[in-house]
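Written out below as C-alpha coordinates is the structure these notes cover.
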Amino acid sequence: MSRHLPTGAGRLVAAAAVVGGLMVAAGAFGAHALADAVPPARLDVWRTGAAYGQVHALAAVLAALVAGQTGARAALRAGWLFLGGVALFSGSLVALVLLDLPALGAVTPLGGVAFLVGWGTLAWAGLKER
(Lines give C-alpha, C1' and ligand atoms only; values in the text may rest on other atoms or scores of the structure.)
Protein backbone atom coordinates (compact mmCIF):
# COMPACT_ATOMS: atom_id res chain seq x y z
CA MET A 1 0.00 0.00 0.00
CA SER A 2 1.34 3.39 -0.98
CA ARG A 3 2.12 5.80 1.86
CA HIS A 4 1.76 8.87 -0.31
CA LEU A 5 -0.88 9.96 -2.73
CA PRO A 6 0.29 10.90 -6.21
CA THR A 7 0.72 14.55 -7.11
CA GLY A 8 -2.67 16.21 -7.15
CA ALA A 9 -4.48 13.49 -5.21
CA GLY A 10 -4.20 15.35 -1.90
CA ARG A 11 -5.78 18.44 -3.46
CA LEU A 12 -8.54 16.26 -4.88
CA VAL A 13 -9.25 14.74 -1.47
CA ALA A 14 -9.27 18.19 0.16
CA ALA A 15 -11.60 19.62 -2.49
CA ALA A 16 -13.88 16.58 -2.25
CA ALA A 17 -14.03 16.92 1.54
CA VAL A 18 -15.02 20.59 1.23
CA VAL A 19 -17.66 19.75 -1.38
CA GLY A 20 -18.95 16.85 0.74
CA GLY A 21 -19.27 19.11 3.77
CA LEU A 22 -21.05 21.76 1.73
CA MET A 23 -23.49 19.16 0.43
CA VAL A 24 -24.24 17.97 3.97
CA ALA A 25 -24.88 21.60 4.93
CA ALA A 26 -27.07 22.01 1.84
CA GLY A 27 -29.08 18.95 2.80
CA ALA A 28 -29.57 20.25 6.33
CA PHE A 29 -30.50 23.70 5.03
CA GLY A 30 -33.09 22.15 2.76
CA ALA A 31 -34.55 20.02 5.53
CA HIS A 32 -34.79 22.83 8.05
CA ALA A 33 -34.80 26.25 6.41
CA LEU A 34 -36.47 25.47 3.10
CA ALA A 35 -39.02 22.88 4.22
CA ASP A 36 -41.73 25.47 4.75
CA ALA A 37 -40.38 28.11 2.35
CA VAL A 38 -40.62 26.34 -1.01
CA PRO A 39 -43.19 24.03 -2.61
CA PRO A 40 -42.61 20.29 -2.09
CA ALA A 41 -41.60 19.76 -5.73
CA ARG A 42 -38.81 22.34 -5.44
CA LEU A 43 -37.71 20.83 -2.14
CA ASP A 44 -37.38 17.46 -3.92
CA VAL A 45 -35.16 19.15 -6.52
CA TRP A 46 -33.01 20.54 -3.68
CA ARG A 47 -32.71 17.10 -2.09
CA THR A 48 -31.69 15.56 -5.41
CA GLY A 49 -28.93 18.13 -5.82
CA ALA A 50 -27.64 17.59 -2.29
CA ALA A 51 -27.76 13.78 -2.57
CA TYR A 52 -25.94 13.64 -5.91
CA GLY A 53 -23.38 16.09 -4.56
CA GLN A 54 -22.71 13.94 -1.50
CA VAL A 55 -22.38 10.74 -3.51
CA HIS A 56 -20.02 12.30 -6.01
CA ALA A 57 -17.88 13.96 -3.34
CA LEU A 58 -17.34 10.46 -1.95
CA ALA A 59 -16.71 9.18 -5.48
CA ALA A 60 -13.97 11.81 -5.87
CA VAL A 61 -12.30 10.57 -2.67
CA LEU A 62 -12.56 7.01 -4.01
CA ALA A 63 -10.95 8.14 -7.26
CA ALA A 64 -8.07 9.72 -5.32
CA LEU A 65 -7.59 6.48 -3.37
CA VAL A 66 -7.59 4.47 -6.58
CA ALA A 67 -4.96 6.84 -7.94
CA GLY A 68 -2.95 6.34 -4.75
CA GLN A 69 -3.06 2.58 -5.09
CA THR A 70 -2.49 2.34 -8.82
CA GLY A 71 -0.81 5.59 -9.83
CA ALA A 72 -3.49 5.97 -12.52
CA ARG A 73 -3.73 9.62 -13.53
CA ALA A 74 -7.08 8.77 -15.17
CA ALA A 75 -8.48 8.14 -11.69
CA LEU A 76 -7.52 11.69 -10.70
CA ARG A 77 -9.22 13.05 -13.82
CA ALA A 78 -12.33 11.07 -12.87
CA GLY A 79 -12.34 12.66 -9.43
CA TRP A 80 -12.14 16.16 -10.86
CA LEU A 81 -14.92 15.29 -13.31
CA PHE A 82 -17.06 14.22 -10.36
CA LEU A 83 -16.46 17.54 -8.59
CA GLY A 84 -17.10 19.49 -11.77
CA GLY A 85 -20.32 17.55 -12.14
CA VAL A 86 -21.31 18.53 -8.60
CA ALA A 87 -20.73 22.19 -9.43
CA LEU A 88 -22.84 21.98 -12.57
CA PHE A 89 -25.51 19.47 -11.53
CA SER A 90 -26.02 20.23 -7.85
CA GLY A 91 -25.13 23.90 -8.24
CA SER A 92 -27.70 24.42 -10.97
CA LEU A 93 -30.40 22.65 -8.95
CA VAL A 94 -29.62 24.72 -5.86
CA ALA A 95 -29.74 27.91 -7.92
CA LEU A 96 -32.95 26.77 -9.61
CA VAL A 97 -34.64 26.27 -6.24
CA LEU A 98 -33.36 29.47 -4.63
CA LEU A 99 -33.90 31.74 -7.64
CA ASP A 100 -36.93 29.95 -9.15
CA LEU A 101 -35.43 30.27 -12.63
CA PRO A 102 -36.41 27.18 -14.65
CA ALA A 103 -33.89 28.14 -17.37
CA LEU A 104 -31.12 27.06 -14.97
CA GLY A 105 -32.34 23.52 -15.51
CA ALA A 106 -30.56 23.61 -18.88
CA VAL A 107 -27.21 23.47 -17.04
CA THR A 108 -28.09 20.39 -15.00
CA PRO A 109 -27.58 17.82 -17.80
CA LEU A 110 -24.03 19.10 -18.31
CA GLY A 111 -23.31 18.06 -14.73
CA GLY A 112 -24.89 14.68 -15.42
CA VAL A 113 -22.60 14.25 -18.42
CA ALA A 114 -19.59 15.10 -16.23
CA PHE A 115 -20.72 12.42 -13.76
CA LEU A 116 -21.07 9.84 -16.53
CA VAL A 117 -17.70 10.71 -18.08
CA GLY A 118 -16.16 10.57 -14.61
CA TRP A 119 -17.49 7.08 -13.99
CA GLY A 120 -16.31 5.97 -17.42
CA THR A 121 -12.88 7.46 -16.78
CA LEU A 122 -12.66 5.70 -13.42
CA ALA A 123 -13.62 2.43 -15.12
CA TRP A 124 -10.90 3.06 -17.70
CA ALA A 125 -8.38 3.66 -14.92
CA GLY A 126 -9.33 0.32 -13.38
CA LEU A 127 -9.09 -1.54 -16.68
CA LYS A 128 -5.67 -0.07 -17.43
CA GLU A 129 -4.34 -1.35 -14.08
CA ARG A 130 -2.45 -4.61 -14.43
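Naming scheme: A, B, ... for chains in displayed order of the C-alpha coordinates; residues 1 onward per chain; ligands 1 onward as shown.
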
DSSP on the backbone, alpha helix (DSSP H) only: what residues of chain A does that give? Format it as a VMD selection string. chain A and resid 9 to 32 40 to 70 73 to 85 91 to 99 108 to 128

Worksheet item: Hey, what's within 12 Å of A:Gly120 if we count only C-alpha atoms and toss same-chain stuff fewer than 3 positions away? As a list in words, please?
Response: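 Listed by chain and then number, they are Ala63, Ala74, Ala75, Arg77, Ala78, Gly79, Leu81, Phe82, Val113, Ala114, Phe115, Leu116, Val117, Ala123, Trp124, Ala125, Gly126 and Leu127 of chain A.
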
Can those selected residues be exported to a file as an mmCIF file, in the first residue's frame so that it contains N, CA and C atoms?
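Saved to out.cif:
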```cif
data_model
loop_
_atom_site.group_PDB
_atom_site.id
_atom_site.type_symbol
_atom_site.label_atom_id
_atom_site.label_comp_id
_atom_site.auth_asym_id
_atom_site.auth_seq_id
_atom_site.Cartn_x
_atom_site.Cartn_y
_atom_site.Cartn_z
ATOM 1 N N ALA A 63 -11.835 7.997 -6.099
ATOM 2 C CA ALA A 63 -10.952 8.140 -7.260
ATOM 3 C C ALA A 63 -9.527 8.486 -6.818
ATOM 4 N N ALA A 74 -5.681 8.740 -14.729
ATOM 5 C CA ALA A 74 -7.075 8.772 -15.171
ATOM 6 C C ALA A 74 -8.018 8.787 -13.974
ATOM 7 N N ALA A 75 -7.640 8.139 -12.892
ATOM 8 C CA ALA A 75 -8.482 8.142 -11.693
ATOM 9 C C ALA A 75 -8.581 9.555 -11.121
ATOM 10 N N ARG A 77 -8.342 12.309 -12.906
ATOM 11 C CA ARG A 77 -9.223 13.045 -13.824
ATOM 12 C C ARG A 77 -10.681 12.720 -13.521
ATOM 13 N N ALA A 78 -10.958 11.458 -13.216
ATOM 14 C CA ALA A 78 -12.327 11.065 -12.873
ATOM 15 C C ALA A 78 -12.815 11.827 -11.642
ATOM 16 N N GLY A 79 -11.960 11.933 -10.638
ATOM 17 C CA GLY A 79 -12.340 12.658 -9.426
ATOM 18 C C GLY A 79 -12.676 14.107 -9.702
ATOM 19 N N LEU A 81 -13.663 15.293 -12.560
ATOM 20 C CA LEU A 81 -14.924 15.295 -13.314
ATOM 21 C C LEU A 81 -16.117 15.172 -12.367
ATOM 22 N N PHE A 82 -15.982 14.344 -11.333
ATOM 23 C CA PHE A 82 -17.062 14.225 -10.355
ATOM 24 C C PHE A 82 -17.331 15.571 -9.682
ATOM 25 N N VAL A 113 -23.597 14.755 -17.460
ATOM 26 C CA VAL A 113 -22.604 14.251 -18.418
ATOM 27 C C VAL A 113 -21.236 14.155 -17.743
ATOM 28 N N ALA A 114 -20.881 15.155 -16.947
ATOM 29 C CA ALA A 114 -19.593 15.104 -16.230
ATOM 30 C C ALA A 114 -19.552 13.898 -15.290
ATOM 31 N N PHE A 115 -20.667 13.603 -14.618
ATOM 32 C CA PHE A 115 -20.720 12.417 -13.762
ATOM 33 C C PHE A 115 -20.475 11.152 -14.586
ATOM 34 N N LEU A 116 -21.181 11.034 -15.699
ATOM 35 C CA LEU A 116 -21.065 9.839 -16.533
ATOM 36 C C LEU A 116 -19.646 9.686 -17.092
ATOM 37 N N VAL A 117 -19.069 10.770 -17.562
ATOM 38 C CA VAL A 117 -17.702 10.712 -18.085
ATOM 39 C C VAL A 117 -16.736 10.375 -16.948
ATOM 40 N N ALA A 123 -13.627 3.807 -14.614
ATOM 41 C CA ALA A 123 -13.621 2.429 -15.122
ATOM 42 C C ALA A 123 -12.392 2.186 -15.996
ATOM 43 N N TRP A 124 -12.074 3.158 -16.850
ATOM 44 C CA TRP A 124 -10.897 3.064 -17.704
ATOM 45 C C TRP A 124 -9.624 2.940 -16.856
ATOM 46 N N ALA A 125 -9.549 3.722 -15.805
ATOM 47 C CA ALA A 125 -8.383 3.658 -14.919
ATOM 48 C C ALA A 125 -8.253 2.255 -14.317
ATOM 49 N N GLY A 126 -9.370 1.674 -13.946
ATOM 50 C CA GLY A 126 -9.333 0.318 -13.381
ATOM 51 C C GLY A 126 -8.938 -0.732 -14.412
ATOM 52 N N LEU A 127 -9.423 -0.567 -15.636
ATOM 53 C CA LEU A 127 -9.095 -1.539 -16.678
ATOM 54 C C LEU A 127 -7.639 -1.446 -17.113
#
```

What separates atom CA of A:Ala26 and atom CA of A:Trp46 is a distance of 8.2 Å

At a cut-off of 12 Å, using only C-alpha atoms, what residues contact stretch 98-104 of chain A? Leave out same-chain residues fewer than 6 positions from it and give the result as a PyMOL selection string. chain A and resi 26+29-30+33-34+37-39+41-43+45-46+88-92+110-111

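Of the residues listed (A:Val86, A:Ala57, A:Ala64, A:Ala106), A:Ala57 shows the shortest atom-to-atom separation from A:Gly21; distances use only C-alpha atoms.
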
re atom CA of A:Tyr52 and atom CA of A:Met23: distance 8.8 Å

What is the atom CA of A:Val94-atom CA of A:Ala9 distance in Å, reported with one decimal?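 Value for the atom CA of A:Val94-atom CA of A:Ala9 distance: 27.5 Å.
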
*Using only C-alpha atoms, which residue out of A:Ala95, A:Leu58, A:Ala87, A:Ala35 lies closest to A:Gly20?*
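Selected residue with least distance to A:Gly20: A:Leu58.
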
query = Got a sec: who's within 10 Å of A:Val61, counting only C-alpha atoms, leaving out chain neighbours fewer than 4 positions off, as a ChimeraX atom specification?
reply = /A:9-10,12-17,20,56-57,65-67,76,79-80,82
